[in-house]
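**Student:** This is model-v5.cif (mmCIF, C-alpha atoms).
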data_model
#
loop_
_atom_site.label_atom_id
_atom_site.label_comp_id
_atom_site.auth_asym_id
_atom_site.auth_seq_id
_atom_site.Cartn_x
_atom_site.Cartn_y
_atom_site.Cartn_z
CA MET X 1064 3.12 43.39 8.89
CA VAL X 1065 2.90 44.28 5.21
CA ALA X 1066 5.32 41.95 3.44
CA ASN X 1067 3.94 42.66 -0.03
CA PRO X 1068 1.55 45.62 0.07
CA ALA X 1069 -1.41 45.38 -2.29
CA ARG X 1070 -0.55 47.15 -5.52
CA VAL X 1071 -2.63 49.51 -7.58
CA PRO X 1072 -1.70 50.82 -11.03
CA GLU X 1073 1.28 53.18 -10.81
CA PRO X 1074 2.63 56.00 -12.95
CA GLU X 1075 5.15 54.68 -15.40
CA ASP X 1076 8.71 54.70 -14.06
CA HIS X 1077 7.70 56.00 -10.62
CA ARG X 1078 10.68 55.58 -8.29
CA VAL X 1079 11.43 56.69 -4.74
CA HIS X 1080 14.50 57.32 -2.61
CA GLY X 1081 16.06 54.22 -1.13
CA MET X 1082 18.09 53.89 2.06
CA GLY X 1083 21.25 54.43 0.04
CA THR X 1084 22.01 56.38 -3.13
CA GLU X 1085 19.85 54.40 -5.55
CA TRP X 1086 16.30 55.12 -6.66
CA GLU X 1087 14.01 52.17 -5.99
CA ALA X 1088 10.55 50.86 -6.75
CA PRO X 1089 8.17 52.18 -4.09
CA THR X 1090 7.07 50.12 -1.11
CA TRP X 1091 3.77 51.99 -1.09
CA PRO X 1092 1.76 52.20 -4.32
CA ALA X 1093 1.39 55.59 -5.91
CA ILE X 1094 -1.94 57.35 -5.47
CA THR X 1095 -4.20 56.98 -8.52
CA PRO X 1096 -6.60 59.57 -9.93
CA ASP X 1097 -9.65 57.53 -8.88
CA GLU X 1098 -8.25 57.11 -5.37
CA ALA X 1099 -7.55 60.83 -5.10
CA ALA X 1100 -11.07 61.68 -6.26
CA ALA X 1101 -12.61 59.35 -3.68
CA VAL X 1102 -10.57 60.86 -0.86
CA LEU X 1103 -11.03 64.50 -1.86
CA ALA X 1104 -14.79 63.94 -2.01
CA ARG X 1105 -14.60 63.77 1.79
CA PHE X 1106 -13.10 67.28 2.01
CA PRO X 1107 -15.78 69.89 1.19
CA ALA X 1108 -13.26 72.66 0.42
CA ALA X 1109 -11.16 70.62 -2.02
CA GLY X 1110 -13.22 70.73 -5.22
CA ALA X 1111 -13.26 68.16 -8.01
CA VAL X 1112 -10.04 66.49 -9.14
CA THR X 1113 -8.81 67.49 -12.59
CA GLY X 1114 -5.41 65.79 -12.56
CA LEU X 1115 -2.36 64.54 -10.65
CA HIS X 1116 0.84 66.43 -11.46
CA TRP X 1117 3.59 64.94 -9.32
CA HIS X 1118 4.28 61.92 -7.14
CA SER X 1119 6.60 62.29 -4.16
CA PRO X 1120 9.85 60.28 -4.13
CA ARG X 1121 9.78 59.99 -0.33
CA PRO X 1122 9.79 56.31 0.66
CA PHE X 1123 7.75 56.01 3.88
CA SER X 1124 4.37 57.11 2.48
CA ALA X 1125 2.76 58.06 -0.81
CA ALA X 1126 1.97 61.65 -1.78
CA THR X 1127 0.83 63.43 -4.90
CA LEU X 1128 0.11 66.98 -6.00
CA VAL X 1129 -3.56 67.12 -6.97
CA GLN X 1130 -5.03 69.82 -9.19
CA THR X 1131 -8.72 70.49 -8.61
CA THR X 1132 -11.36 73.00 -9.60
CA ARG X 1133 -10.37 74.94 -6.46
CA GLY X 1134 -6.59 74.90 -6.73
CA ALA X 1135 -3.65 72.62 -5.97
CA PHE X 1136 -3.44 70.31 -2.98
CA LEU X 1137 -0.96 67.82 -1.55
CA LEU X 1138 -2.61 64.49 -0.79
CA LYS X 1139 -0.59 62.21 1.45
CA ARG X 1140 -1.37 58.58 2.25
CA HIS X 1141 0.03 56.47 5.10
CA HIS X 1142 -0.46 52.84 6.00
CA HIS X 1143 -2.48 52.67 9.21
CA GLN X 1144 0.40 50.87 10.97
CA VAL X 1145 2.53 53.97 10.38
CA ARG X 1146 -0.07 56.71 11.02
CA THR X 1147 -3.65 56.52 12.20
CA ARG X 1148 -6.02 59.47 12.08
CA GLU X 1149 -5.22 60.01 15.75
CA GLY X 1150 -1.49 59.92 15.07
CA LEU X 1151 -1.84 62.48 12.32
CA SER X 1152 -3.98 64.71 14.52
CA GLU X 1153 -1.00 65.10 16.89
CA GLU X 1154 1.18 66.74 14.26
CA HIS X 1155 -1.76 68.66 12.79
CA ALA X 1156 -2.44 70.26 16.19
CA PHE X 1157 1.20 71.40 16.28
CA ILE X 1158 0.93 72.78 12.74
CA ALA X 1159 -2.22 74.69 13.73
CA HIS X 1160 -0.43 76.22 16.71
CA LEU X 1161 2.47 77.32 14.52
CA ALA X 1162 0.09 78.84 11.97
CA ALA X 1163 -1.72 80.75 14.72
CA SER X 1164 1.66 82.09 15.80
CA GLY X 1165 2.27 83.47 12.31
CA LEU X 1166 4.55 80.80 10.86
CA SER X 1167 4.14 79.74 7.22
CA VAL X 1168 3.24 76.03 7.45
CA PRO X 1169 0.95 73.69 5.50
CA ASP X 1170 -2.75 74.56 5.52
CA VAL X 1171 -4.35 71.28 6.63
CA LEU X 1172 -7.87 70.80 5.33
CA ARG X 1173 -10.72 69.41 7.40
CA ALA X 1174 -12.94 66.56 6.27
CA ALA X 1175 -16.73 66.78 6.37
CA ASP X 1176 -16.74 65.35 9.91
CA GLY X 1177 -14.30 68.02 11.10
CA ALA X 1178 -11.31 65.68 11.38
CA SER X 1179 -7.94 66.62 9.90
CA ALA X 1180 -7.46 63.14 8.38
CA VAL X 1181 -9.60 60.34 7.01
CA ALA X 1182 -9.27 56.56 7.19
CA ILE X 1183 -10.24 54.33 4.28
CA GLY X 1184 -9.41 50.64 4.52
CA ASP X 1185 -5.77 50.19 5.48
CA TRP X 1186 -4.93 53.81 4.72
CA SER X 1187 -4.90 57.15 6.52
CA TYR X 1188 -5.04 60.29 4.38
CA GLU X 1189 -4.22 63.94 4.99
CA LEU X 1190 -4.79 66.84 2.60
CA HIS X 1191 -2.95 70.18 2.51
CA ARG X 1192 -3.29 73.17 0.24
CA GLN X 1193 -0.17 73.58 -1.88
CA SER X 1194 2.14 75.66 0.29
CA PRO X 1195 3.83 78.82 -1.00
CA GLY X 1196 7.48 78.66 -2.00
CA ALA X 1197 9.72 76.85 -4.47
CA ASP X 1198 10.48 73.16 -3.80
CA LEU X 1199 14.12 73.52 -4.83
CA TYR X 1200 15.34 70.31 -3.16
CA ARG X 1201 12.39 68.12 -4.12
CA ASP X 1202 14.38 65.38 -5.83
CA ARG X 1203 17.49 65.48 -3.64
CA LEU X 1204 18.16 62.63 -1.24
CA SER X 1205 18.11 63.09 2.52
CA TRP X 1206 21.52 63.73 4.07
CA THR X 1207 22.57 65.81 1.10
CA PRO X 1208 23.74 69.33 1.92
CA PHE X 1209 22.44 72.80 1.23
CA VAL X 1210 23.53 74.13 -2.13
CA SER X 1211 24.97 77.27 -0.49
CA ARG X 1212 25.98 78.75 2.85
CA GLU X 1213 23.23 81.30 2.30
CA HIS X 1214 20.62 78.54 2.29
CA ALA X 1215 22.12 77.04 5.46
CA HIS X 1216 21.97 80.45 7.15
CA ALA X 1217 18.37 80.98 6.04
CA ALA X 1218 17.43 77.54 7.32
CA GLY X 1219 18.89 78.45 10.71
CA VAL X 1220 16.84 81.64 10.81
CA ALA X 1221 13.67 79.73 9.95
CA LEU X 1222 14.36 77.04 12.55
CA ALA X 1223 14.69 79.66 15.28
CA GLU X 1224 11.46 81.29 14.11
CA LEU X 1225 9.75 77.91 14.38
CA HIS X 1226 11.05 77.42 17.90
CA VAL X 1227 9.74 80.84 18.94
CA ALA X 1228 6.36 80.03 17.40
CA ALA X 1229 6.28 76.63 19.13
CA ARG X 1230 6.43 78.14 22.60
CA GLY X 1231 3.22 77.57 24.51
CA PHE X 1232 2.30 74.37 22.69
CA ASP X 1233 2.22 72.03 25.66
CA ALA X 1234 0.80 68.81 24.22
CA PRO X 1235 2.37 65.65 25.65
CA ALA X 1236 4.85 63.58 23.67
CA ARG X 1237 3.34 61.56 20.84
CA ARG X 1238 1.94 58.08 21.30
CA GLN X 1239 4.02 55.04 20.33
CA GLN X 1240 4.21 54.77 16.53
CA PRO X 1241 6.95 54.20 13.94
CA LEU X 1242 8.95 56.99 12.37
CA VAL X 1243 8.74 59.60 15.11
CA ALA X 1244 11.85 61.34 16.45
CA SER X 1245 11.14 60.84 20.14
CA PHE X 1246 13.44 61.99 22.93
CA GLY X 1247 13.01 59.58 25.81
CA ILE X 1248 16.26 57.58 25.77
CA VAL X 1249 19.14 60.05 25.72
CA PRO X 1250 17.89 62.15 28.67
CA ALA X 1251 16.84 59.12 30.73
CA THR X 1252 18.49 58.56 34.11
CA ASP X 1253 19.48 55.10 32.87
CA PRO X 1254 19.60 55.30 29.05
CA ILE X 1255 20.45 51.60 28.61
CA ALA X 1256 17.37 50.67 30.63
CA ALA X 1257 15.40 53.10 28.44
CA VAL X 1258 16.72 51.43 25.28
CA SER X 1259 15.79 48.04 26.74
CA ALA X 1260 12.26 49.27 27.50
CA TYR X 1261 11.94 50.67 23.97
CA VAL X 1262 12.97 47.32 22.47
CA ALA X 1263 10.80 45.30 24.87
CA ALA X 1264 7.72 47.29 23.84
CA ARG X 1265 8.28 46.42 20.17
CA PRO X 1266 8.33 42.64 19.60
CA ALA X 1267 9.53 42.87 15.99
CA VAL X 1268 12.49 45.02 17.01
CA ARG X 1269 13.26 42.62 19.86
CA ALA X 1270 13.26 39.67 17.45
CA PHE X 1271 15.49 41.51 14.98
CA LEU X 1272 18.05 42.38 17.65
CA ALA X 1273 17.98 38.96 19.32
CA GLY X 1274 21.19 37.80 17.63
CA ARG X 1275 23.07 41.07 18.10
CA PRO X 1276 24.97 42.39 21.14
CA TRP X 1277 22.77 45.47 21.05
CA GLN X 1278 22.86 46.33 24.73
CA ALA X 1279 26.66 46.24 24.76
CA ALA X 1280 26.76 48.35 21.60
CA CYS X 1281 24.49 51.01 23.10
CA ALA X 1282 26.41 50.96 26.38
CA ARG X 1283 29.63 51.59 24.45
CA LEU X 1284 28.12 54.57 22.64
CA PHE X 1285 26.79 56.15 25.82
CA ASP X 1286 30.11 55.54 27.52
CA GLN X 1287 31.88 57.37 24.69
CA ALA X 1288 29.34 60.18 24.85
CA GLY X 1289 30.10 60.72 28.54
CA ALA X 1290 28.29 59.68 31.69
CA ASP X 1291 26.90 63.18 32.23
CA LEU X 1292 25.15 63.43 28.84
CA PRO X 1293 21.73 62.21 30.09
CA ALA X 1294 21.74 64.70 32.97
CA LEU X 1295 22.82 67.50 30.61
CA MET X 1296 19.98 66.68 28.22
CA ALA X 1297 17.42 66.34 31.01
CA GLN X 1298 18.13 69.98 31.93
CA GLN X 1299 17.04 71.23 28.49
CA PRO X 1300 13.59 72.90 28.42
CA PRO X 1301 11.04 70.72 26.61
CA LEU X 1302 9.69 72.04 23.31
CA TRP X 1303 7.70 70.64 20.43
CA THR X 1304 10.06 70.60 17.45
CA HIS X 1305 10.22 69.65 13.78
CA ASN X 1306 12.96 66.96 14.03
CA ASP X 1307 13.54 66.56 10.29
CA TRP X 1308 15.00 69.92 9.31
CA HIS X 1309 16.69 69.28 5.98
CA PRO X 1310 16.52 71.27 2.73
CA SER X 1311 13.78 69.25 1.03
CA ASN X 1312 11.43 69.96 3.95
CA LEU X 1313 11.70 73.66 3.24
CA LEU X 1314 10.11 75.72 0.47
CA TRP X 1315 12.11 78.69 -0.69
CA SER X 1316 11.57 82.30 -1.71
CA LYS X 1317 13.31 83.90 -4.67
CA ASP X 1318 15.63 85.82 -2.34
CA GLY X 1319 16.95 82.56 -0.83
CA THR X 1320 15.02 82.72 2.43
CA VAL X 1321 12.71 80.00 3.70
CA ARG X 1322 9.10 80.62 2.70
CA THR X 1323 7.38 77.58 4.27
CA ALA X 1324 8.37 74.71 6.55
CA ILE X 1325 6.72 71.42 5.57
CA ASP X 1326 6.57 67.73 6.53
CA PHE X 1327 5.94 67.56 10.27
CA GLY X 1328 5.73 63.78 10.31
CA LEU X 1329 8.62 63.44 12.79
CA ALA X 1330 7.52 66.31 15.03
CA ASP X 1331 7.41 65.55 18.74
CA ARG X 1332 8.10 66.98 22.15
CA THR X 1333 11.91 67.16 22.37
CA THR X 1334 14.09 70.26 22.96
CA ALA X 1335 15.43 73.14 20.88
CA VAL X 1336 18.97 71.75 21.25
CA HIS X 1337 17.77 68.38 19.93
CA ASP X 1338 16.20 70.03 16.88
CA ILE X 1339 19.30 72.10 16.13
CA ALA X 1340 21.57 69.07 16.46
CA THR X 1341 19.23 67.09 14.21
CA ALA X 1342 19.33 69.85 11.59
CA ILE X 1343 23.13 69.79 11.60
CA GLU X 1344 23.23 65.98 11.47
CA ARG X 1345 20.80 65.99 8.53
CA THR X 1346 22.53 68.66 6.45
CA ALA X 1347 26.22 69.10 7.26
CA ILE X 1348 27.51 65.53 6.80
CA ARG X 1349 27.26 63.56 3.56
CA TRP X 1350 26.32 60.29 5.25
CA LEU X 1351 25.66 58.52 1.97
CA ASP X 1352 29.41 58.79 1.28
CA LEU X 1353 30.37 57.21 4.60
CA GLY X 1354 32.64 54.20 4.15
CA GLN X 1355 33.53 55.10 0.56
CA GLY X 1356 37.15 55.98 1.39
CA ASN X 1357 36.66 59.68 2.08
CA ASP X 1358 35.36 59.72 5.65
CA ASP X 1359 37.75 62.57 6.47
CA THR X 1360 35.99 64.92 4.05
CA ILE X 1361 32.27 64.10 4.28
CA ALA X 1362 31.56 66.86 6.83
CA ASP X 1363 30.93 70.52 6.02
CA PRO X 1364 31.51 72.48 9.24
CA ALA X 1365 31.00 75.79 7.44
CA SER X 1366 27.41 74.78 6.65
CA ALA X 1367 26.80 73.85 10.28
CA LEU X 1368 28.23 77.17 11.43
CA ALA X 1369 26.12 79.09 8.91
CA LEU X 1370 22.99 77.36 10.23
CA LEU X 1371 23.95 78.23 13.81
CA ASP X 1372 24.72 81.83 12.83
CA GLY X 1373 21.32 82.13 11.21
CA TYR X 1374 19.59 80.67 14.25
CA ALA X 1375 21.39 83.10 16.56
CA THR X 1376 20.03 86.11 14.68
CA ILE X 1377 16.61 85.22 16.14
CA VAL X 1378 17.42 83.28 19.31
CA PRO X 1379 20.89 83.93 20.79
CA LEU X 1380 22.94 80.83 21.50
CA GLY X 1381 25.17 80.87 24.57
CA ARG X 1382 28.21 78.75 25.28
CA ALA X 1383 26.07 76.26 27.22
CA ASP X 1384 23.79 75.85 24.19
CA ILE X 1385 26.69 75.18 21.83
CA ASP X 1386 28.24 72.74 24.29
CA ALA X 1387 24.94 70.87 24.56
CA ILE X 1388 24.58 70.68 20.77
CA VAL X 1389 28.12 69.36 20.39
CA ARG X 1390 27.65 66.79 23.13
CA LEU X 1391 24.33 65.58 21.70
CA LEU X 1392 25.31 65.37 18.04
CA PRO X 1393 26.88 61.86 18.14
CA LEU X 1394 23.65 60.33 19.51
CA VAL X 1395 20.97 62.70 18.25
CA HIS X 1396 19.94 60.21 15.57
CA LEU X 1397 19.66 57.24 17.95
CA GLU X 1398 15.92 57.22 18.60
CA PHE X 1399 14.92 57.87 15.01
CA ALA X 1400 17.23 55.09 13.83
CA LEU X 1401 15.48 52.79 16.29
CA SER X 1402 12.12 53.92 14.93
CA GLU X 1403 13.32 53.02 11.43
CA VAL X 1404 14.22 49.54 12.68
CA ASP X 1405 10.68 49.37 14.06
CA TYR X 1406 9.23 50.39 10.69
CA PHE X 1407 11.33 47.93 8.68
CA THR X 1408 10.57 45.03 11.01
CA ALA X 1409 7.00 45.63 12.25
CA VAL X 1410 5.43 47.34 9.24
CA VAL X 1411 7.30 46.12 6.15
CA ALA X 1412 9.31 42.93 5.90
CA ASP X 1413 12.63 44.48 4.94
CA PRO X 1414 15.39 43.05 7.16
CA ALA X 1415 18.14 44.44 4.92
CA SER X 1416 16.91 48.01 5.48
CA ALA X 1417 16.45 47.30 9.18
CA ALA X 1418 20.09 46.19 9.30
CA MET X 1419 21.15 49.36 7.49
CA ALA X 1420 19.20 51.47 10.00
CA TRP X 1421 20.89 49.71 12.92
CA ASP X 1422 24.41 49.02 11.64
CA GLY X 1423 24.76 51.79 9.08
CA TYR X 1424 22.87 54.62 10.73
CA LEU X 1425 22.64 54.12 14.47
CA ILE X 1426 26.06 52.54 15.06
CA ALA X 1427 28.17 53.79 12.14
CA HIS X 1428 27.06 57.42 12.39
CA ALA X 1429 27.86 57.54 16.10
CA ASP X 1430 31.20 55.82 15.50
CA TRP X 1431 32.10 58.47 12.91
CA PHE X 1432 31.49 61.24 15.44
CA PHE X 1433 33.71 59.47 17.97
CA ALA X 1434 36.50 58.90 15.40
CA PRO X 1435 39.05 61.60 14.48
CA PRO X 1436 37.07 63.11 11.53
CA GLY X 1437 33.94 63.50 13.63
CA ARG X 1438 35.82 64.86 16.61
CA ARG X 1439 37.44 67.48 14.37
CA PHE X 1440 34.01 68.44 13.08
CA LEU X 1441 32.66 68.81 16.62
CA ARG X 1442 35.69 70.83 17.72
CA GLY X 1443 35.19 73.14 14.77
CA ILE X 1444 31.65 73.91 15.93
CA GLU X 1445 32.71 74.24 19.56
CA ARG X 1446 35.59 76.62 18.86
CA ALA X 1447 33.56 78.86 16.58
#
Kindly transcribe the structure held in the file into structure tokens.
**Tutor:**
Amino acid sequence: MVANPARVPEPEDHRVHGMGTEWEAPTWPAITPDEAAAVLARFPAAGAVTGLHWHSPRPFSAATLVQTTRGAFLLKRHHHQVRTREGLSEEHAFIAHLAASGLSVPDVLRAADGASAVAIGDWSYELHRQSPGADLYRDRLSWTPFVSREHAHAAGVALAELHVAARGFDAPARRQQPLVASFGIVPATDPIAAVSAYVAARPAVRAFLAGRPWQAACARLFDQAGADLPALMAQQPPLWTHNDWHPSNLLWSKDGTVRTAIDFGLADRTTAVHDIATAIERTAIRWLDLGQGNDDTIADPASALALLDGYATIVPLGRADIDAIVRLLPLVHLEFALSEVDYFTAVVADPASAAMAWDGYLIAHADWFFAPPGRRFLRGIERA
């Protein structure tokens, strides 16, 4: 566990997104010019570093835009407890498949030994060429909506294109690691037993939940979701998916279409329905406003419908697909919320954020869907 990660000099006033609405000091130190130069020296195609021009505000890793004698590159650094070289190679293989299928995705560079990532000390590094497209949502928090229905529609189109490109990529689900949007609990024959197995395999999560009635809480949520939900989800065809489809993971063209899909850190073998429901959950509900007295108005069903309309221009959605999306939405975030609890307990000593992931995200988000405002939102999607 990294209670107080070793610090290196940081850019003045560098802040990152917190779990709420406030900007915070970073958990992970910003990448320095000397560090970037040492890492890029391992990538023959990168060239010599001439400057760092931007530091990412994302909280779970450190990333910077590096200018070199051969162009601009995104250098991303992870603690080895979050991503090893092997863990990164899983998502890089998926990216390579998508690129071979014609999708615009990050161009992942290879190190001198042929690997797509390098390990130095406690860190794992990956390097991408700067991807084409405008980073219009770069500084916006997660769970903030599209700025227009047109962007939501374009995001739906791009998500369907990704799903078409993903066909034929038959790698198994990713190995156990924090911050991956797995899909092993909801479709399980006995989802409560699956939750229990997930917790049992992660001692820090088990210790965190020891004083909470977590099994009863999960049983209540699955009971509200309906006893047939696991069987319904188990019928969905498996597919490798993005699992973090929100506006700041998309780069945009001048005409308002999606130019490049980025940030495949949560990618895993799930289903198309799971990815669509995740995209709606990430973009159509202002979760950061939950509990602020306006729970009836935090949802934007028109944005969700625009995303679905865009998707259907590439891959038609039948009534069974829409029904599956609606049924899954209340619990689509469950496994990633658990993975955040894992991260905040096993990797960084941040019990307050772990509590927010469990109480505020896993439980409260599901409860909103099962309350009148959420049910109205779901009915709006279903009827349309």
**Student:** Using only C-alpha atoms, tabulate the residues of region 1156-1240 of chain X lying at most 10 Å from any atom of region 1359-1383 of chain X, each with its closest atom pair and that distance in Å to one decimal, by chain and increasing residue number, as CSV.
**Tutor:**
residue,atom,partner,partner_atom,distance
X:Pro1208,CA,X:Ser1366,CA,8.1
X:Phe1209,CA,X:Ser1366,CA,7.6
X:Val1210,CA,X:Ser1366,CA,9.6
X:Ser1211,CA,X:Ser1366,CA,7.9
X:Arg1212,CA,X:Ser1366,CA,5.7
X:Glu1213,CA,X:Ala1369,CA,7.5
X:His1214,CA,X:Leu1370,CA,8.4
X:Ala1215,CA,X:Leu1370,CA,4.9
X:His1216,CA,X:Gly1373,CA,4.4
X:Ala1217,CA,X:Gly1373,CA,6.1
X:Ala1218,CA,X:Leu1370,CA,6.3
X:Gly1219,CA,X:Tyr1374,CA,4.2
X:Val1220,CA,X:Tyr1374,CA,4.5
X:Ala1221,CA,X:Tyr1374,CA,7.4
X:Leu1222,CA,X:Tyr1374,CA,6.6
X:Ala1223,CA,X:Tyr1374,CA,5.1
X:Glu1224,CA,X:Ile1377,CA,6.8
X:His1226,CA,X:Val1378,CA,8.8
X:Val1227,CA,X:Val1378,CA,8.1
**Student:** Set the distance at 10 Å and use only C-alpha atoms: which residues neighbour Phe1232 (chain X) once local chain neighbours fewer than 4 positions away are removed? I'd like the list as a CSV table (one decimal) with C-alpha atoms, in the frame of the given file.
**Tutor:**
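Wrote part38.csv, looks like this:
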chain,number,residue,atom,x,y,z
X,1156,ALA,CA,-2.4,70.3,16.2
X,1157,PHE,CA,1.2,71.4,16.3
X,1160,HIS,CA,-0.4,76.2,16.7
X,1161,LEU,CA,2.5,77.3,14.5
X,1228,ALA,CA,6.4,80.0,17.4
X,1302,LEU,CA,9.7,72.0,23.3
X,1303,TRP,CA,7.7,70.6,20.4
X,1332,ARG,CA,8.1,67.0,22.2
**Student:** Nearest to Asp1352 (chain X) among X:Gln1144, X:Ser1152, X:Thr1207, X:Ser1245, with distances taken over only C-alpha atoms: which residue is it?
**Tutor:** X:Thr1207
**Student:** Please check which residues have atoms at most 10 Å from (-7.2, 72.0, -10.0) in the file's coordinates, counting all atoms listed in the file, and write them as a ChimeraX atom specification.
**Tutor:** /X:1109-1116,1128-1136
**Student:** Hey, can you spit out that residue selection with C-alpha atoms as a compact mmCIF listing (two decimals), in the frame of the given file?
**Tutor:**
# COMPACT_ATOMS: atom_id res chain seq x y z
CA ALA X 1109 -11.16 70.62 -2.02
CA GLY X 1110 -13.22 70.73 -5.22
CA ALA X 1111 -13.26 68.16 -8.01
CA VAL X 1112 -10.04 66.49 -9.14
CA THR X 1113 -8.81 67.49 -12.59
CA GLY X 1114 -5.41 65.79 -12.56
CA LEU X 1115 -2.36 64.54 -10.65
CA HIS X 1116 0.84 66.43 -11.46
CA LEU X 1128 0.11 66.98 -6.00
CA VAL X 1129 -3.56 67.12 -6.97
CA GLN X 1130 -5.03 69.82 -9.19
CA THR X 1131 -8.72 70.49 -8.61
CA THR X 1132 -11.36 73.00 -9.60
CA ARG X 1133 -10.37 74.94 -6.46
CA GLY X 1134 -6.59 74.90 -6.73
CA ALA X 1135 -3.65 72.62 -5.97
CA PHE X 1136 -3.44 70.31 -2.98
**Student:** Which residues of region 1320-1353 of chain X have any atom within 9 Å of an atom in region 1281-1297 of chain X when counting all atoms listed in the file, and what is the closest pair of atoms for each, with the distance in Å to one decimal? Order the rows by chain and rising number and write it as JSON lines.
**Tutor:**
{"residue": "X:Thr1334", "atom": "CA", "partner": "X:Met1296", "partner_atom": "CA", "distance": 8.7}
{"residue": "X:Val1336", "atom": "CA", "partner": "X:Met1296", "partner_atom": "CA", "distance": 8.7}
{"residue": "X:His1337", "atom": "CA", "partner": "X:Met1296", "partner_atom": "CA", "distance": 8.7}
**Student:** Write the selection just made, keeping C-alpha atoms, as an mmCIF file, keeping the file's coordinate frame?
**Tutor:**
data_model
loop_
_atom_site.group_PDB
_atom_site.id
_atom_site.type_symbol
_atom_site.label_atom_id
_atom_site.label_comp_id
_atom_site.auth_asym_id
_atom_site.auth_seq_id
_atom_site.Cartn_x
_atom_site.Cartn_y
_atom_site.Cartn_z
ATOM 1 C CA THR X 1334 14.090 70.260 22.960
ATOM 2 C CA VAL X 1336 18.970 71.750 21.250
ATOM 3 C CA HIS X 1337 17.770 68.380 19.930
#
**Student:** Please provide as a list of chain:residue names all residues within 10 Å of Ala1174 (chain X), with the sequence filter that same-chain residues fewer than 6 positions apart are discarded (counting only C-alpha atoms).
**Tutor:**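 My reading of the contact set: X:Val1102, X:Leu1103, X:Ala1104, X:Arg1105, X:Phe1106, X:Pro1107, X:Ala1108, X:Ala1109, X:Ala1180, X:Val1181, X:Glu1189, X:Leu1190.
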**Student:** Output C-alpha atoms for every residue in that selection, as a compact mmCIF listing (two decimals), in the frame of the given file.
**Tutor:**
# COMPACT_ATOMS: atom_id res chain seq x y z
CA VAL X 1102 -10.57 60.86 -0.86
CA LEU X 1103 -11.03 64.50 -1.86
CA ALA X 1104 -14.79 63.94 -2.01
CA ARG X 1105 -14.60 63.77 1.79
CA PHE X 1106 -13.10 67.28 2.01
CA PRO X 1107 -15.78 69.89 1.19
CA ALA X 1108 -13.26 72.66 0.42
CA ALA X 1109 -11.16 70.62 -2.02
CA ALA X 1180 -7.46 63.14 8.38
CA VAL X 1181 -9.60 60.34 7.01
CA GLU X 1189 -4.22 63.94 4.99
CA LEU X 1190 -4.79 66.84 2.60
**Student:** Which distance in Å separates CA of Arg1121 (chain X) and CA of Ala1088 (chain X), to one decimal?
**Tutor:** 11.2 Å
**Student:** With only C-alpha atoms as the counted atoms, please give the residues lying no more than 7 Å from Ala1197 (chain X), apart from itself and same-chain residues fewer than 5 positions off, as a PyMOL selection string.
**Tutor:** chain X and resi 1314-1316
**Student:** Go through the shown structure with the PyMOL selection byres ((chain X and resi 1126) around 10) and write out the matching residues as a list in words.
**Tutor:**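 Applying the PyMOL selection byres ((chain X and resi 1126) around 10) to the structure shown produces Trp1091, Pro1092, Ala1093, Ile1094, Trp1117, His1118, Ser1119, Pro1120, Arg1121, Pro1122, Phe1123, Ser1124, Ala1125, Thr1127, Leu1128, Val1129, Leu1137, Leu1138, Lys1139, Arg1140, His1141, Tyr1188, Glu1189 and Leu1190 of chain X.
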**Student:** With C-alpha atoms retained, write the just-selected residues as a compact mmCIF listing (two decimals), in the coordinates of the input.
**Tutor:**
# COMPACT_ATOMS: atom_id res chain seq x y z
CA TRP X 1091 3.77 51.99 -1.09
CA PRO X 1092 1.76 52.20 -4.32
CA ALA X 1093 1.39 55.59 -5.91
CA ILE X 1094 -1.94 57.35 -5.47
CA TRP X 1117 3.59 64.94 -9.32
CA HIS X 1118 4.28 61.92 -7.14
CA SER X 1119 6.60 62.29 -4.16
CA PRO X 1120 9.85 60.28 -4.13
CA ARG X 1121 9.78 59.99 -0.33
CA PRO X 1122 9.79 56.31 0.66
CA PHE X 1123 7.75 56.01 3.88
CA SER X 1124 4.37 57.11 2.48
CA ALA X 1125 2.76 58.06 -0.81
CA THR X 1127 0.83 63.43 -4.90
CA LEU X 1128 0.11 66.98 -6.00
CA VAL X 1129 -3.56 67.12 -6.97
CA LEU X 1137 -0.96 67.82 -1.55
CA LEU X 1138 -2.61 64.49 -0.79
CA LYS X 1139 -0.59 62.21 1.45
CA ARG X 1140 -1.37 58.58 2.25
CA HIS X 1141 0.03 56.47 5.10
CA TYR X 1188 -5.04 60.29 4.38
CA GLU X 1189 -4.22 63.94 4.99
CA LEU X 1190 -4.79 66.84 2.60
**Student:** Do you know which residues the PyMOL selection byres ((chain X and resi 1351) around 12) returns on this file, as a PyMOL selection string?
**Tutor:** chain X and resi 1081-1085+1204-1208+1345-1350+1352-1358+1361-1362+1419+1423-1424+1427-1428
**Student:** Mind pulling up the distance from CA of Leu1166 (chain X) to CA of Thr1323 (chain X)?
**Tutor:**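 Computed distance, CA of Thr1323 (chain X) to CA of Leu1166 (chain X), equals 7.9 Å.
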**Student:** Hey, could you make a per-residue contact list for region 1291-1360 of chain X against region 1394-1402 of chain X with 9 Å as the cut-off, showing the nearest pair of atoms and its distance in Å to one decimal, counting only C-alpha atoms, sorted by chain and number, as CSV?
**Tutor:**
residue,atom,partner,partner_atom,distance
X:Leu1329,CA,X:Phe1399,CA,8.7
X:His1337,CA,X:Val1395,CA,6.7
X:Asp1338,CA,X:Val1395,CA,8.9
X:Ala1340,CA,X:Val1395,CA,6.6
X:Thr1341,CA,X:Val1395,CA,6.2
X:Glu1344,CA,X:His1396,CA,7.8
**Student:** For Ala1159 (chain X), which residue out of X:His1142, X:Thr1147, X:Asn1312, X:Phe1327 is the nearest one, using all atoms listed in the file?
**Tutor:** X:Phe1327
